[in-house]
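Okay, structure13.txt now, which holds compact mmCIF, N, CA and C atoms:
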# COMPACT_ATOMS: atom_id res chain seq x y z
N MET A 1 0.44 -72.41 40.26
CA MET A 1 1.38 -72.50 39.20
C MET A 1 1.96 -71.13 38.90
N ALA A 2 3.19 -71.06 38.88
CA ALA A 2 3.86 -69.79 38.61
C ALA A 2 4.26 -69.71 37.15
N ARG A 3 4.09 -68.56 36.65
CA ARG A 3 4.45 -68.33 35.26
C ARG A 3 5.73 -67.53 35.18
N ILE A 4 6.51 -67.77 34.22
CA ILE A 4 7.77 -67.04 34.04
C ILE A 4 7.59 -66.13 32.82
N PHE A 5 7.83 -64.81 33.04
CA PHE A 5 7.68 -63.82 31.97
C PHE A 5 9.04 -63.34 31.50
N ARG A 6 9.87 -64.15 31.14
CA ARG A 6 11.18 -63.76 30.63
C ARG A 6 11.22 -64.00 29.14
N ARG A 7 12.00 -63.16 28.50
CA ARG A 7 12.21 -63.37 27.08
C ARG A 7 13.35 -64.34 26.90
N LYS A 8 13.20 -65.00 25.85
CA LYS A 8 14.31 -65.88 25.50
C LYS A 8 15.36 -65.03 24.82
N HIS A 9 16.56 -65.18 25.18
CA HIS A 9 17.66 -64.43 24.56
C HIS A 9 17.93 -65.03 23.19
N THR A 10 17.62 -64.22 22.20
CA THR A 10 17.91 -64.67 20.84
C THR A 10 18.96 -63.76 20.23
N ALA A 11 19.49 -64.15 19.19
CA ALA A 11 20.56 -63.39 18.55
C ALA A 11 20.02 -62.49 17.43
N GLN A 12 18.85 -61.82 17.63
CA GLN A 12 18.30 -60.92 16.61
C GLN A 12 18.77 -59.49 16.86
N PRO A 13 19.02 -58.74 15.76
CA PRO A 13 19.48 -57.35 15.94
C PRO A 13 18.32 -56.44 16.40
N ILE A 14 18.67 -55.38 17.10
CA ILE A 14 17.67 -54.41 17.56
C ILE A 14 17.43 -53.42 16.42
N ALA A 15 16.19 -53.19 16.06
CA ALA A 15 15.84 -52.35 14.91
C ALA A 15 15.46 -50.94 15.37
N ASP A 16 16.34 -50.21 16.00
CA ASP A 16 16.10 -48.82 16.40
C ASP A 16 16.72 -47.91 15.35
N LEU A 17 16.07 -46.75 15.11
CA LEU A 17 16.56 -45.79 14.13
C LEU A 17 17.00 -44.54 14.88
N ASN A 18 18.21 -44.11 14.65
CA ASN A 18 18.73 -42.90 15.28
C ASN A 18 18.33 -41.70 14.42
N VAL A 19 17.41 -40.85 14.92
CA VAL A 19 16.91 -39.72 14.15
C VAL A 19 17.61 -38.40 14.51
N THR A 20 18.61 -38.43 15.33
CA THR A 20 19.31 -37.22 15.73
C THR A 20 19.90 -36.49 14.53
N ASN A 21 20.50 -37.23 13.63
CA ASN A 21 21.09 -36.59 12.45
C ASN A 21 20.03 -35.97 11.55
N MET A 22 18.86 -36.60 11.43
CA MET A 22 17.79 -36.03 10.59
C MET A 22 17.21 -34.77 11.23
N ILE A 23 17.12 -34.71 12.55
CA ILE A 23 16.64 -33.50 13.23
C ILE A 23 17.63 -32.37 13.01
N ASP A 24 18.93 -32.65 13.12
CA ASP A 24 19.94 -31.62 12.86
C ASP A 24 19.85 -31.11 11.43
N LEU A 25 19.65 -32.00 10.48
CA LEU A 25 19.51 -31.59 9.09
C LEU A 25 18.27 -30.72 8.89
N GLY A 26 17.16 -31.08 9.53
CA GLY A 26 15.92 -30.29 9.42
C GLY A 26 16.09 -28.88 9.96
N PHE A 27 16.74 -28.75 11.13
CA PHE A 27 16.97 -27.42 11.69
C PHE A 27 17.92 -26.60 10.82
N THR A 28 18.94 -27.25 10.26
CA THR A 28 19.87 -26.55 9.38
C THR A 28 19.15 -26.01 8.14
N LEU A 29 18.30 -26.83 7.52
CA LEU A 29 17.54 -26.37 6.37
C LEU A 29 16.58 -25.24 6.74
N LEU A 30 15.95 -25.32 7.90
CA LEU A 30 15.05 -24.27 8.36
C LEU A 30 15.79 -22.94 8.49
N ILE A 31 16.97 -22.96 9.07
CA ILE A 31 17.77 -21.74 9.23
C ILE A 31 18.16 -21.18 7.87
N ILE A 32 18.57 -22.05 6.95
CA ILE A 32 18.96 -21.58 5.61
C ILE A 32 17.77 -20.92 4.91
N PHE A 33 16.57 -21.52 4.97
CA PHE A 33 15.40 -20.93 4.33
C PHE A 33 15.01 -19.61 4.97
N MET A 34 15.14 -19.50 6.29
CA MET A 34 14.81 -18.24 6.97
C MET A 34 15.76 -17.13 6.54
N ILE A 35 17.03 -17.42 6.41
CA ILE A 35 18.01 -16.40 6.02
C ILE A 35 17.80 -15.99 4.57
N THR A 36 17.63 -16.94 3.66
CA THR A 36 17.47 -16.58 2.24
C THR A 36 16.16 -15.86 1.97
N THR A 37 15.11 -16.14 2.72
CA THR A 37 13.85 -15.43 2.54
C THR A 37 13.99 -13.97 2.92
N SER A 38 14.67 -13.67 4.00
CA SER A 38 14.83 -12.27 4.41
C SER A 38 15.68 -11.50 3.41
N TYR A 39 16.69 -12.12 2.82
CA TYR A 39 17.50 -11.43 1.82
C TYR A 39 16.74 -11.23 0.51
N SER A 40 15.91 -12.17 0.11
CA SER A 40 15.18 -12.01 -1.14
C SER A 40 14.13 -10.91 -1.02
N GLN A 41 13.56 -10.69 0.16
CA GLN A 41 12.61 -9.61 0.34
C GLN A 41 13.29 -8.25 0.31
N GLN A 42 14.50 -8.16 0.80
CA GLN A 42 15.22 -6.89 0.79
C GLN A 42 15.63 -6.50 -0.62
N GLU A 43 15.89 -7.44 -1.49
CA GLU A 43 16.29 -7.13 -2.85
C GLU A 43 15.13 -6.59 -3.66
N GLN A 44 13.90 -6.91 -3.29
CA GLN A 44 12.75 -6.52 -4.08
C GLN A 44 12.20 -5.16 -3.69
N THR A 45 12.71 -4.52 -2.67
CA THR A 45 12.21 -3.22 -2.27
C THR A 45 12.92 -2.12 -3.05
N ILE A 46 12.16 -1.08 -3.37
CA ILE A 46 12.70 0.07 -4.09
C ILE A 46 12.52 1.27 -3.18
N ALA A 47 13.58 1.99 -2.96
CA ALA A 47 13.52 3.16 -2.09
C ALA A 47 12.89 4.33 -2.85
N VAL A 48 11.71 4.75 -2.41
CA VAL A 48 11.00 5.87 -3.02
C VAL A 48 10.60 6.81 -1.89
N LYS A 49 10.93 8.08 -2.05
CA LYS A 49 10.55 9.06 -1.05
C LYS A 49 9.17 9.60 -1.40
N LEU A 50 8.16 9.18 -0.64
CA LEU A 50 6.79 9.58 -0.90
C LEU A 50 6.42 10.76 -0.02
N PRO A 51 5.55 11.64 -0.52
CA PRO A 51 5.10 12.77 0.31
C PRO A 51 4.18 12.28 1.42
N PRO A 52 4.08 13.04 2.51
CA PRO A 52 3.20 12.62 3.61
C PRO A 52 1.73 12.69 3.19
N GLU A 53 0.91 11.84 3.82
CA GLU A 53 -0.51 11.79 3.49
C GLU A 53 -1.32 11.72 4.76
N ALA A 54 -2.44 12.44 4.75
CA ALA A 54 -3.39 12.35 5.84
C ALA A 54 -4.52 11.45 5.38
N LYS A 55 -4.85 10.44 6.18
CA LYS A 55 -5.87 9.47 5.78
C LYS A 55 -7.26 10.03 6.04
N SER A 56 -8.14 9.83 5.06
CA SER A 56 -9.54 10.20 5.22
C SER A 56 -10.40 9.28 4.35
N ILE A 57 -11.62 9.09 4.76
CA ILE A 57 -12.54 8.22 4.03
C ILE A 57 -13.14 9.00 2.87
N GLN A 58 -13.15 8.41 1.69
CA GLN A 58 -13.67 9.08 0.51
C GLN A 58 -15.12 8.67 0.29
N GLN A 59 -15.97 9.66 0.06
CA GLN A 59 -17.37 9.40 -0.15
C GLN A 59 -17.64 9.07 -1.62
N LYS A 60 -18.71 8.33 -1.89
CA LYS A 60 -19.08 8.01 -3.27
C LYS A 60 -19.69 9.26 -3.92
N PRO A 61 -19.34 9.53 -5.18
CA PRO A 61 -19.85 10.74 -5.83
C PRO A 61 -21.35 10.65 -6.17
N ASP A 62 -22.01 11.78 -6.04
CA ASP A 62 -23.41 11.90 -6.42
C ASP A 62 -23.47 12.20 -7.92
N PRO A 63 -24.29 11.52 -8.69
CA PRO A 63 -24.30 11.75 -10.14
C PRO A 63 -24.73 13.16 -10.53
N GLU A 64 -25.40 13.87 -9.65
CA GLU A 64 -25.86 15.22 -9.96
C GLU A 64 -24.87 16.29 -9.49
N SER A 65 -23.72 15.91 -8.98
CA SER A 65 -22.76 16.86 -8.44
C SER A 65 -22.01 17.60 -9.54
N ARG A 66 -21.56 18.78 -9.18
CA ARG A 66 -20.74 19.60 -10.06
C ARG A 66 -19.30 19.10 -10.00
N VAL A 67 -18.61 19.11 -11.13
CA VAL A 67 -17.23 18.63 -11.20
C VAL A 67 -16.33 19.80 -11.59
N GLU A 68 -15.31 20.05 -10.79
CA GLU A 68 -14.29 21.06 -11.08
C GLU A 68 -12.99 20.34 -11.39
N THR A 69 -12.31 20.72 -12.48
CA THR A 69 -11.10 20.04 -12.91
C THR A 69 -9.88 20.89 -12.61
N ILE A 70 -8.92 20.27 -11.94
CA ILE A 70 -7.61 20.88 -11.72
C ILE A 70 -6.63 20.11 -12.59
N SER A 71 -5.99 20.81 -13.51
CA SER A 71 -5.03 20.18 -14.41
C SER A 71 -3.62 20.66 -14.08
N ILE A 72 -2.67 19.76 -14.22
CA ILE A 72 -1.26 20.08 -14.00
C ILE A 72 -0.51 19.59 -15.23
N ASP A 73 0.11 20.52 -15.96
CA ASP A 73 0.79 20.12 -17.19
C ASP A 73 2.20 19.61 -16.89
N ALA A 74 2.92 19.26 -17.95
CA ALA A 74 4.26 18.67 -17.79
C ALA A 74 5.25 19.64 -17.17
N ARG A 75 5.03 20.93 -17.33
CA ARG A 75 5.95 21.94 -16.75
C ARG A 75 5.62 22.26 -15.29
N GLY A 76 4.49 21.74 -14.79
CA GLY A 76 4.12 21.98 -13.40
C GLY A 76 3.20 23.17 -13.22
N ASN A 77 2.60 23.68 -14.31
CA ASN A 77 1.65 24.79 -14.22
C ASN A 77 0.28 24.26 -13.82
N TYR A 78 -0.41 25.04 -12.98
CA TYR A 78 -1.74 24.65 -12.49
C TYR A 78 -2.81 25.33 -13.34
N PHE A 79 -3.89 24.60 -13.60
CA PHE A 79 -5.04 25.11 -14.34
C PHE A 79 -6.30 24.70 -13.59
N LEU A 80 -7.20 25.66 -13.41
CA LEU A 80 -8.48 25.38 -12.76
C LEU A 80 -9.57 25.71 -13.75
N GLY A 81 -10.28 24.70 -14.20
CA GLY A 81 -11.34 24.91 -15.19
C GLY A 81 -10.82 25.46 -16.50
N GLY A 82 -9.60 25.13 -16.87
CA GLY A 82 -9.02 25.59 -18.14
C GLY A 82 -8.26 26.89 -18.04
N LYS A 83 -8.31 27.59 -16.90
CA LYS A 83 -7.60 28.86 -16.73
C LYS A 83 -6.34 28.64 -15.90
N ALA A 84 -5.24 29.25 -16.32
CA ALA A 84 -3.98 29.14 -15.58
C ALA A 84 -4.08 29.90 -14.27
N VAL A 85 -3.68 29.24 -13.17
CA VAL A 85 -3.68 29.86 -11.84
C VAL A 85 -2.39 29.51 -11.13
N SER A 86 -2.03 30.34 -10.16
CA SER A 86 -0.88 30.01 -9.31
C SER A 86 -1.36 29.07 -8.21
N PHE A 87 -0.43 28.46 -7.49
CA PHE A 87 -0.83 27.55 -6.42
C PHE A 87 -1.56 28.30 -5.31
N ARG A 88 -1.15 29.53 -5.06
CA ARG A 88 -1.81 30.34 -4.02
C ARG A 88 -3.25 30.64 -4.42
N ASP A 89 -3.48 31.02 -5.70
CA ASP A 89 -4.85 31.26 -6.17
C ASP A 89 -5.68 29.98 -6.13
N LEU A 90 -5.04 28.85 -6.40
CA LEU A 90 -5.72 27.57 -6.32
C LEU A 90 -6.15 27.28 -4.88
N GLN A 91 -5.28 27.59 -3.92
CA GLN A 91 -5.63 27.40 -2.50
C GLN A 91 -6.84 28.25 -2.12
N VAL A 92 -6.87 29.49 -2.59
CA VAL A 92 -7.99 30.39 -2.28
C VAL A 92 -9.28 29.83 -2.88
N GLN A 93 -9.23 29.38 -4.13
CA GLN A 93 -10.42 28.85 -4.78
C GLN A 93 -10.89 27.55 -4.10
N LEU A 94 -9.96 26.73 -3.66
CA LEU A 94 -10.34 25.51 -2.95
C LEU A 94 -11.02 25.84 -1.63
N HIS A 95 -10.59 26.92 -0.98
CA HIS A 95 -11.24 27.36 0.26
C HIS A 95 -12.67 27.80 -0.04
N VAL A 96 -12.86 28.47 -1.18
CA VAL A 96 -14.21 28.88 -1.58
C VAL A 96 -15.09 27.64 -1.82
N PHE A 97 -14.52 26.63 -2.51
CA PHE A 97 -15.27 25.39 -2.74
C PHE A 97 -15.65 24.72 -1.42
N ALA A 98 -14.75 24.79 -0.44
CA ALA A 98 -14.98 24.12 0.85
C ALA A 98 -16.09 24.80 1.63
N THR A 99 -16.31 26.10 1.42
CA THR A 99 -17.36 26.81 2.17
C THR A 99 -18.73 26.68 1.54
N GLU A 100 -18.81 26.15 0.32
CA GLU A 100 -20.10 25.99 -0.35
C GLU A 100 -20.92 24.90 0.35
N PRO A 101 -22.24 25.04 0.36
CA PRO A 101 -23.06 24.01 1.02
C PRO A 101 -22.97 22.64 0.34
N LYS A 102 -22.92 22.62 -0.99
CA LYS A 102 -22.76 21.36 -1.72
C LYS A 102 -21.42 21.42 -2.44
N GLN A 103 -20.45 20.74 -1.87
CA GLN A 103 -19.09 20.81 -2.41
C GLN A 103 -18.99 20.07 -3.74
N PRO A 104 -18.19 20.60 -4.68
CA PRO A 104 -18.05 19.92 -5.97
C PRO A 104 -17.09 18.74 -5.88
N ILE A 105 -17.16 17.89 -6.89
CA ILE A 105 -16.17 16.82 -7.03
C ILE A 105 -14.96 17.44 -7.71
N ILE A 106 -13.79 17.25 -7.15
CA ILE A 106 -12.56 17.80 -7.72
C ILE A 106 -11.87 16.71 -8.51
N ARG A 107 -11.75 16.91 -9.81
CA ARG A 107 -11.04 15.97 -10.68
C ARG A 107 -9.64 16.51 -10.91
N ILE A 108 -8.65 15.68 -10.63
CA ILE A 108 -7.26 16.05 -10.81
C ILE A 108 -6.73 15.35 -12.05
N ALA A 109 -6.27 16.15 -13.01
CA ALA A 109 -5.72 15.61 -14.25
C ALA A 109 -4.26 16.05 -14.32
N GLY A 110 -3.37 15.11 -14.04
CA GLY A 110 -1.94 15.41 -14.05
C GLY A 110 -1.28 14.79 -15.27
N ASP A 111 -0.41 15.56 -15.91
CA ASP A 111 0.33 15.05 -17.06
C ASP A 111 1.25 13.92 -16.62
N VAL A 112 1.36 12.88 -17.44
CA VAL A 112 2.17 11.72 -17.08
C VAL A 112 3.64 12.09 -16.98
N ALA A 113 4.08 13.11 -17.70
CA ALA A 113 5.48 13.53 -17.63
C ALA A 113 5.71 14.59 -16.56
N GLY A 114 4.66 14.97 -15.86
CA GLY A 114 4.77 15.99 -14.84
C GLY A 114 5.34 15.46 -13.54
N SER A 115 5.42 16.35 -12.57
CA SER A 115 5.98 16.01 -11.26
C SER A 115 4.89 15.46 -10.35
N TYR A 116 5.17 14.33 -9.75
CA TYR A 116 4.22 13.74 -8.81
C TYR A 116 4.07 14.64 -7.58
N GLY A 117 5.12 15.37 -7.24
CA GLY A 117 5.06 16.25 -6.08
C GLY A 117 4.01 17.33 -6.23
N LYS A 118 3.79 17.81 -7.45
CA LYS A 118 2.77 18.84 -7.69
C LYS A 118 1.37 18.26 -7.49
N ILE A 119 1.15 17.03 -7.96
CA ILE A 119 -0.14 16.38 -7.76
C ILE A 119 -0.37 16.11 -6.28
N ALA A 120 0.67 15.65 -5.60
CA ALA A 120 0.55 15.38 -4.16
C ALA A 120 0.27 16.66 -3.38
N ALA A 121 0.84 17.79 -3.83
CA ALA A 121 0.58 19.07 -3.15
C ALA A 121 -0.89 19.46 -3.29
N VAL A 122 -1.47 19.22 -4.47
CA VAL A 122 -2.89 19.53 -4.68
C VAL A 122 -3.76 18.63 -3.79
N ILE A 123 -3.44 17.34 -3.75
CA ILE A 123 -4.23 16.41 -2.93
C ILE A 123 -4.12 16.77 -1.45
N THR A 124 -2.94 17.15 -1.01
CA THR A 124 -2.75 17.57 0.38
C THR A 124 -3.58 18.81 0.69
N GLU A 125 -3.61 19.76 -0.24
CA GLU A 125 -4.40 20.97 -0.03
C GLU A 125 -5.89 20.65 -0.02
N LEU A 126 -6.32 19.72 -0.86
CA LEU A 126 -7.73 19.31 -0.84
C LEU A 126 -8.10 18.71 0.51
N LYS A 127 -7.24 17.88 1.04
CA LYS A 127 -7.50 17.28 2.35
C LYS A 127 -7.48 18.33 3.45
N ARG A 128 -6.60 19.31 3.33
CA ARG A 128 -6.52 20.37 4.34
C ARG A 128 -7.82 21.19 4.36
N GLN A 129 -8.43 21.36 3.19
CA GLN A 129 -9.68 22.13 3.09
C GLN A 129 -10.91 21.24 3.32
N ASN A 130 -10.70 19.96 3.67
CA ASN A 130 -11.78 18.99 3.88
C ASN A 130 -12.62 18.77 2.64
N LEU A 131 -11.99 18.82 1.49
CA LEU A 131 -12.65 18.48 0.23
C LEU A 131 -12.31 17.02 -0.05
N SER A 132 -13.18 16.13 0.33
CA SER A 132 -12.87 14.71 0.25
C SER A 132 -13.41 14.04 -1.00
N ARG A 133 -14.09 14.77 -1.84
CA ARG A 133 -14.64 14.20 -3.07
C ARG A 133 -13.64 14.44 -4.19
N ILE A 134 -12.72 13.50 -4.35
CA ILE A 134 -11.60 13.64 -5.29
C ILE A 134 -11.70 12.55 -6.35
N ASP A 135 -11.40 12.93 -7.58
CA ASP A 135 -11.38 11.97 -8.68
C ASP A 135 -10.06 12.18 -9.43
N ILE A 136 -9.34 11.11 -9.68
CA ILE A 136 -8.09 11.18 -10.43
C ILE A 136 -8.41 10.81 -11.88
N ALA A 137 -8.15 11.73 -12.79
CA ALA A 137 -8.42 11.49 -14.21
C ALA A 137 -7.33 10.59 -14.81
N THR A 138 -7.76 9.64 -15.63
CA THR A 138 -6.83 8.77 -16.34
C THR A 138 -7.07 8.89 -17.83
N GLU A 139 -6.19 8.32 -18.62
CA GLU A 139 -6.29 8.44 -20.06
C GLU A 139 -7.56 7.78 -20.59
N ALA A 140 -8.00 6.71 -19.98
CA ALA A 140 -9.19 6.00 -20.43
C ALA A 140 -10.46 6.81 -20.25
N GLU A 141 -10.47 7.76 -19.30
CA GLU A 141 -11.66 8.57 -19.03
C GLU A 141 -11.87 9.68 -20.03
N ARG A 142 -10.82 10.10 -20.69
CA ARG A 142 -10.93 11.27 -21.56
C ARG A 142 -11.45 10.94 -22.90
Go through the file and emit its structure as structure tokens.
Amino acid sequence: MARIFRRKHTAQPIADLNVTNMIDLGFTLLIIFMITTSYSQQEQTIAVKLPPEAKSIQQKPDPESRVETISIDARGNYFLGGKAVSFRDLQVQLHVFATEPKQPIIRIAGDVAGSYGKIAAVITELKRQNLSRIDIATEAER
């Protein structure tokens, strides 16, 4: 007995969905989101010229260590332990601190109205002398 595997021709509509237009819409939305995201990130950046920095690992302070304070007032004058010094004298004293067997912790207290460049110059000099035990003084500490 032979079987016939033919469909009967009926007058029913074919239920296929054309997704080409939805794919085009998806790609268009993807492109729009990619473009607007890059523009929104550019608007949020602020151009600031920062001084160069040398990276070094900072050690945790020993509670028995000596603390030396470098202060910078609003006019940009340097003070070491309460005495006014020039930047050159400060460099010499930092070299002396660097040669000591147990180096002190250097606390930097910069006036909020002062120049950030002066504070950065002190930090750069500390790194140059391999004085890595640095503490930045804040208003809450005083």
* Between CA of Arg133 (chain A) and CA of Gly114 (chain A), measure the distance and give it in Å to one decimal. =>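 About the pair CA of Arg133 (chain A) and CA of Gly114 (chain A): they are 22.8 Å apart.
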Using all atoms of region 114-122 of chain A that appear in the file, construct an axis-aligned enclosing box with 4 Å of padding on every side and provide its centre coordinates and edge lengths in Å, rounded to one decimal, as AutoDock Vina command-line options.
--center_x 1.1 --center_y 16.6 --center_z -9.5 --size_x 17.7 --size_y 13.8 --size_z 20.7
* For the atom pair CA of Asn130 (chain A) and CA of Tyr116 (chain A), what is the interatomic distance in Å to one decimal place? ->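 Between CA of Asn130 (chain A) and CA of Tyr116 (chain A) the gap is 21.1 Å.
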* Take CA of Ser38 (chain A) and CA of Val19 (chain A) and report the distance between them in Å, one decimal. =>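 We find that CA of Ser38 (chain A) and CA of Val19 (chain A) lie 29.2 Å from each other.
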List as CSV every residue of region 101-133 of chain A that is in contact with region 67-86 of chain A, defined as an atom at most 7 Å from one of its atoms (using all atoms listed in the file), together with the nearest atom pair and the distance in Å rounded to one decimal, sorted by chain and then rising number.
residue,atom,partner,partner_atom,distance
A:Pro104,CA,A:Val67,N,5.3
A:Ile105,C,A:Glu68,N,4.1
A:Ile106,CA,A:Glu68,C,4.5
A:Arg107,C,A:Ile70,N,4.0
A:Ile108,CA,A:Ile70,C,4.5
A:Ala109,N,A:Ile70,C,4.0
A:Gly110,CA,A:Ile72,N,4.4
A:Asp111,N,A:Ile72,C,4.1
A:Val112,N,A:Ala74,CA,6.5
A:Ala113,C,A:Ala74,CA,4.5
A:Gly114,CA,A:Ala74,CA,4.0
A:Ser115,N,A:Ala74,C,5.7
A:Lys118,CA,A:Gly76,CA,6.7
Keeping N, CA and C atoms for every residue in the selection just given, could you write it to a file as a short mmCIF file (atom, residue, chain, number, x, y, z; two decimals), in the coordinates of the input?
data_model
loop_
_atom_site.label_atom_id
_atom_site.label_comp_id
_atom_site.auth_asym_id
_atom_site.auth_seq_id
_atom_site.Cartn_x
_atom_site.Cartn_y
_atom_site.Cartn_z
N PRO A 104 -18.19 20.60 -4.68
CA PRO A 104 -18.05 19.92 -5.97
C PRO A 104 -17.09 18.74 -5.88
N ILE A 105 -17.16 17.89 -6.89
CA ILE A 105 -16.17 16.82 -7.03
C ILE A 105 -14.96 17.44 -7.71
N ILE A 106 -13.79 17.25 -7.15
CA ILE A 106 -12.56 17.80 -7.72
C ILE A 106 -11.87 16.71 -8.51
N ARG A 107 -11.75 16.91 -9.81
CA ARG A 107 -11.04 15.97 -10.68
C ARG A 107 -9.64 16.51 -10.91
N ILE A 108 -8.65 15.68 -10.63
CA ILE A 108 -7.26 16.05 -10.81
C ILE A 108 -6.73 15.35 -12.05
N ALA A 109 -6.27 16.15 -13.01
CA ALA A 109 -5.72 15.61 -14.25
C ALA A 109 -4.26 16.05 -14.32
N GLY A 110 -3.37 15.11 -14.04
CA GLY A 110 -1.94 15.41 -14.05
C GLY A 110 -1.28 14.79 -15.27
N ASP A 111 -0.41 15.56 -15.91
CA ASP A 111 0.33 15.05 -17.06
C ASP A 111 1.25 13.92 -16.62
N VAL A 112 1.36 12.88 -17.44
CA VAL A 112 2.17 11.72 -17.08
C VAL A 112 3.64 12.09 -16.98
N ALA A 113 4.08 13.11 -17.70
CA ALA A 113 5.48 13.53 -17.63
C ALA A 113 5.71 14.59 -16.56
N GLY A 114 4.66 14.97 -15.86
CA GLY A 114 4.77 15.99 -14.84
C GLY A 114 5.34 15.46 -13.54
N SER A 115 5.42 16.35 -12.57
CA SER A 115 5.98 16.01 -11.26
C SER A 115 4.89 15.46 -10.35
N LYS A 118 3.79 17.81 -7.45
CA LYS A 118 2.77 18.84 -7.69
C LYS A 118 1.37 18.26 -7.49
#
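Residue nearest Leu90 (chain A) within the list A:Glu125, A:Asp135, A:Glu64, A:Asp16: A:Glu125 [criterion: smallest interatomic distance, only C-alpha atoms].
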* Asked: Of the candidates A:Ile119, A:Leu131, A:Ala137, A:Leu30, which one gets nearest to Phe97 (chain A) if we count only N, CA and C atoms?
  ->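 Residue with the minimum atom-to-atom distance to Phe97 (chain A): A:Leu131.
Closest to Gln103 (chain A) among A:Thr124, A:Thr37, A:Gln91, A:Gln129 is A:Gln129, based on only C-alpha atoms.
Among the candidates A:Lys102, A:Gln93, A:Ile32, A:Met22, the residue lying nearest to Ser65 (chain A) is A:Lys102 (atoms considered: all atoms listed in the file).
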